[in-house]
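Listing of upload_39.txt; format and content: compact mmCIF, C-alpha atoms.
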# COMPACT_ATOMS: atom_id res chain seq x y z
CA LEU A 1 27.88 -10.77 -14.72
CA THR A 2 27.88 -10.70 -18.52
CA SER A 3 24.17 -10.07 -19.07
CA ARG A 4 24.73 -6.37 -19.88
CA ILE A 5 27.35 -7.03 -22.57
CA PRO A 6 25.85 -6.44 -26.03
CA ILE A 7 26.27 -9.29 -28.54
CA ILE A 8 26.74 -8.79 -32.29
CA VAL A 9 26.64 -11.95 -34.40
CA LEU A 10 28.67 -12.09 -37.63
CA THR A 11 27.53 -14.90 -39.90
CA THR A 12 27.70 -16.21 -43.44
CA GLN A 13 24.24 -17.75 -43.11
CA THR A 14 21.22 -16.62 -45.14
CA GLU A 15 18.84 -14.05 -43.70
CA ALA A 16 16.29 -16.68 -42.45
CA LYS A 17 18.96 -18.78 -40.75
CA ALA A 18 20.56 -15.63 -39.31
CA ALA A 19 17.24 -14.53 -37.82
CA ARG A 20 16.83 -17.91 -36.06
CA LEU A 21 20.43 -17.67 -34.82
CA VAL A 22 19.75 -14.22 -33.33
CA GLU A 23 16.67 -15.53 -31.52
CA GLN A 24 18.54 -18.54 -30.13
CA ALA A 25 21.60 -16.56 -29.04
CA ARG A 26 19.53 -13.60 -27.82
CA ALA A 27 21.94 -11.39 -29.70
CA ASP A 28 21.48 -7.64 -30.01
CA ALA A 29 22.36 -7.56 -33.72
CA VAL A 30 23.29 -9.85 -36.60
CA LEU A 31 25.39 -8.98 -39.65
CA VAL A 32 25.65 -11.21 -42.70
CA GLN A 33 29.08 -11.38 -44.34
CA PRO A 34 30.62 -9.87 -46.37
CA ILE A 35 30.55 -6.86 -44.03
CA ARG A 36 31.91 -3.41 -44.67
CA ALA A 37 34.06 -2.02 -41.87
CA GLU A 38 31.88 1.13 -41.73
CA ALA A 39 28.72 -0.97 -41.33
CA LEU A 40 30.29 -2.96 -38.49
CA TYR A 41 31.45 0.24 -36.79
CA GLU A 42 27.97 1.84 -37.12
CA GLU A 43 26.33 -1.32 -35.72
CA ILE A 44 28.71 -1.34 -32.74
CA LEU A 45 27.86 2.30 -32.02
CA ARG A 46 24.11 1.62 -32.34
CA VAL A 47 24.23 -1.37 -29.98
CA ARG A 48 26.31 0.55 -27.44
CA ARG A 49 23.87 3.49 -27.57
CA ALA A 50 20.89 1.15 -27.13
CA SER A 51 22.62 -0.59 -24.23
CA ARG A 52 23.47 2.72 -22.55
CA ASP A 53 19.92 4.02 -23.06
CA ALA A 54 18.49 0.82 -21.56
CA ARG A 55 20.79 1.20 -18.52
CA VAL A 56 19.70 4.82 -18.07
CA ARG A 57 16.01 3.84 -18.25
CA SER A 58 16.60 0.91 -15.90
CA ASP A 59 18.40 3.11 -13.36
CA ALA A 60 15.63 5.72 -13.52
CA ALA A 61 12.98 3.02 -13.05
CA ARG A 62 14.92 1.60 -10.08
CA ARG A 63 15.17 5.03 -8.45
CA THR A 64 11.45 5.64 -9.00
CA ALA A 65 10.58 2.23 -7.54
CA GLU A 66 12.82 2.85 -4.50
CA ARG A 67 11.24 6.27 -3.95
CA ARG A 68 7.71 4.83 -4.17
CA LEU A 69 8.60 1.93 -1.92
CA GLY A 70 10.06 4.33 0.65
CA HIS A 71 6.87 6.41 0.53
CA ALA A 72 4.72 3.28 0.94
CA ARG A 73 6.80 2.16 3.92
CA GLY A 74 6.33 5.58 5.52
CA VAL A 75 2.57 5.45 4.98
CA MET A 76 2.39 1.95 6.46
CA ALA A 77 4.46 3.00 9.50
CA ARG A 78 2.18 5.99 10.12
CA ALA A 79 -0.91 3.79 9.75
CA ARG A 80 0.46 1.27 12.26
CA GLN A 81 1.31 4.09 14.65
CA LEU A 82 -2.18 5.60 14.38
CA SER A 83 -3.92 2.27 14.87
CA ARG A 84 -1.86 1.60 18.03
CA GLU A 85 -2.44 5.04 19.52
CA CYS A 86 -6.09 4.41 20.34
CA ARG A 87 -6.50 2.11 23.33
CA ARG A 88 -9.75 0.16 23.35
CA PHE A 89 -11.18 -0.85 26.70
CA VAL A 90 -14.24 -1.22 28.94
CA THR A 91 -14.43 0.93 32.07
CA THR A 92 -16.75 2.22 34.76
CA ALA A 93 -14.79 5.51 34.96
CA PRO A 94 -15.04 6.88 31.39
CA PRO A 95 -13.45 10.13 30.23
CA LEU A 96 -16.88 11.64 29.41
CA GLU A 97 -19.52 11.67 32.14
CA PRO A 98 -22.44 9.33 31.24
CA PRO A 99 -25.64 11.36 30.80
CA SER A 100 -28.86 10.87 32.76
CA ILE A 101 -31.15 8.94 30.43
CA VAL A 102 -34.72 7.72 30.83
CA CYS A 103 -35.99 4.41 29.48
CA PRO A 104 -37.69 4.89 26.10
CA ALA A 105 -40.27 2.20 27.07
CA CYS A 106 -41.28 3.13 30.65
CA ASN A 107 -39.75 6.60 31.23
CA ARG A 108 -37.81 5.49 34.33
CA GLU A 109 -34.24 6.66 34.84
CA LEU A 110 -31.74 4.14 33.50
CA PHE A 111 -28.83 2.82 35.60
CA TYR A 112 -25.33 3.28 34.24
CA GLU A 113 -23.35 -0.01 33.99
CA ARG A 114 -20.16 0.53 31.97
CA SER A 115 -18.56 2.36 29.04
CA TYR A 116 -16.70 1.08 26.01
CA ILE A 117 -13.91 3.35 24.75
CA GLY A 118 -12.67 2.73 21.21
CA GLY A 119 -12.38 4.08 17.72
CA VAL A 120 -10.02 3.98 14.76
CA ASN A 121 -7.31 6.18 16.29
CA GLU A 122 -6.79 8.74 19.02
CA GLY A 123 -8.14 11.50 16.82
CA SER A 124 -11.48 9.71 16.41
CA ALA A 125 -11.89 8.03 19.80
CA GLU A 126 -15.49 7.23 20.73
CA GLN A 127 -17.39 6.31 23.87
CA TRP A 128 -20.44 4.06 24.17
CA ASP A 129 -22.24 3.82 27.52
CA THR A 130 -24.37 0.84 28.55
CA PHE A 131 -27.43 1.34 30.77
CA SER A 132 -30.08 -1.01 32.21
CA CYS A 133 -33.71 -0.36 33.04
CA PRO A 134 -34.78 -1.05 36.67
CA ALA A 135 -38.23 -2.10 35.40
CA GLY A 136 -36.71 -4.87 33.28
CA CYS A 137 -37.17 -3.26 29.87
CA GLY A 138 -33.63 -4.36 28.95
CA HIS A 139 -30.20 -2.88 28.26
CA PHE A 140 -29.56 0.26 26.24
CA ASP A 141 -26.45 1.71 24.58
CA TYR A 142 -25.78 5.44 24.32
CA ARG A 143 -23.28 6.67 21.73
CA HIS A 144 -21.77 10.04 22.65
CA ARG A 145 -20.82 11.06 19.11
CA THR A 146 -24.38 10.72 17.74
CA ARG A 147 -26.19 11.30 21.07
CA ARG A 148 -28.50 8.38 20.32
CA ILE A 149 -29.74 5.60 22.50
CA THR A 150 -30.46 2.14 21.09
CA LYS A 151 -31.70 -1.08 22.63
CA ALA A 152 -28.78 -3.47 23.16
CA VAL A 153 -29.06 -6.81 21.43
Rewrite the structure from the file as structure tokens, please.
Amino acid sequence: LTSRIPIIVLTTQTEAKAARLVEQARADAVLVQPIRAEALYEEILRVRRASRDARVRSDAARRTAERRLGHARGVMARARQLSRECRRFVTTAPPLEPPSIVCPACNRELFYERSYIGGVNEGSAEQWDTFSCPAGCGHFDYRHRTRRITKAV
């Protein structure tokens, strides 16, 4: 509760001892006696000004930190919302009709098996279709976005 109260030390010690005393007491100022009343008054004003300026800077820094934290929370909330919007699933009734594709090895028409729907968010949803070759050449994946077929591993 008292951490914001400025401390001025009045001492009869020498300058070296007074400097150590200020460090130990964490005082804002030290005055070695004899002290003129004007000097004491000026030191009180200086310490009060410094204390007020520190409070103003601290309050401004707190407001800036709160504003940035609020912005970061908003960004995180939007990111969580976007990541949840895209459902990922396997289906045999995909939104895009699977194309008719021939086997790259034997030129026979491939049989459609299933589709994988996924992506980062709803705005960039993707569909991958899986096909199999009736001649036993293997399984193939077709990616709608790139229109490429690759041999499934």
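Take CA of Cys133 (chain A) and CA of Thr91 (chain A): the distance between them is 19.3 Å.
Distance-wise, CA of Val56 (chain A) and CA of Val9 (chain A) end up 24.4 Å apart.
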**Request:** Show me as number ranges by chain the residues that reach within 12 Å of (-25.3, 2.2, 25.0), counting all atoms listed in the file and using the file's own coordinates.
**Result:** A: 98-99, 101, 103, 110-117, 126-133, 138-153
**Request:** Name the residues in contact with Arg108 (chain A) at a cut-off of 8 Å, using only C-alpha atoms, excluding same-chain residues fewer than 6 positions from it; report them as JSON, numbers by chain.
**Result:** {"A": [102, 133, 134, 135]}
**Asked** Which of these residues is nearest to Leu31 (chain A), using all atoms listed in the file: A:Ile44, A:Leu10, A:Ala65, A:Cys137?
**Response** A:Leu10
Hey, which bits of region 45-95 of chain A sit within 12 Å of region 33-40 of chain A, and for each residue what's the closest pair of atoms and how far apart in Å (one decimal), counting only C-alpha atoms, rows by chain and increasing number, as JSON lines?
{"residue": "A:Leu45", "atom": "CA", "partner": "A:Leu40", "partner_atom": "CA", "distance": 8.7}
{"residue": "A:Arg46", "atom": "CA", "partner": "A:Leu40", "partner_atom": "CA", "distance": 9.8}
{"residue": "A:Val47", "atom": "CA", "partner": "A:Leu40", "partner_atom": "CA", "distance": 10.6}
**Message:** List as a count of residues only the protein and nucleic acid residues near Asp28 (chain A), meaning an atom at most 8 Å away when only C-alpha atoms are counted, but skip any in the same chain fewer than 5 places from it.
**Reply:** 5
**Asked** What lies within 7 Å of Gln13 (chain A) using all atoms listed in the file, ignoring chain neighbours under 4 positions off, as a VMD selection string?
**Response** chain A and resid 17 to 18 32
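As for CA of Ala72 (chain A) and CA of Arg87 (chain A), they are spaced 25.1 Å apart.
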**Item:** Selected residue of minimal separation from Asp53 (chain A) among A:Met76, A:Arg4, A:Gly119, A:Gly70, counting only C-alpha atoms
**Value:** A:Arg4
Would you compute, for all listed atoms of region 52-66 of chain A, the axis-aligned bounding box grown by 8 Å on each side, and then report its centre and edge lengths in Å rounded to one decimal, as AutoDock Vina command-line options?
--center_x 17.0 --center_y 3.3 --center_z -13.8 --size_x 28.9 --size_y 20.9 --size_z 34.6
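Remark: for Gly136 (chain A), the closest of the candidate residues A:Ile5, A:Leu69, A:Ala105, A:Ala27 is A:Ala105 (distances computed over only C-alpha atoms).
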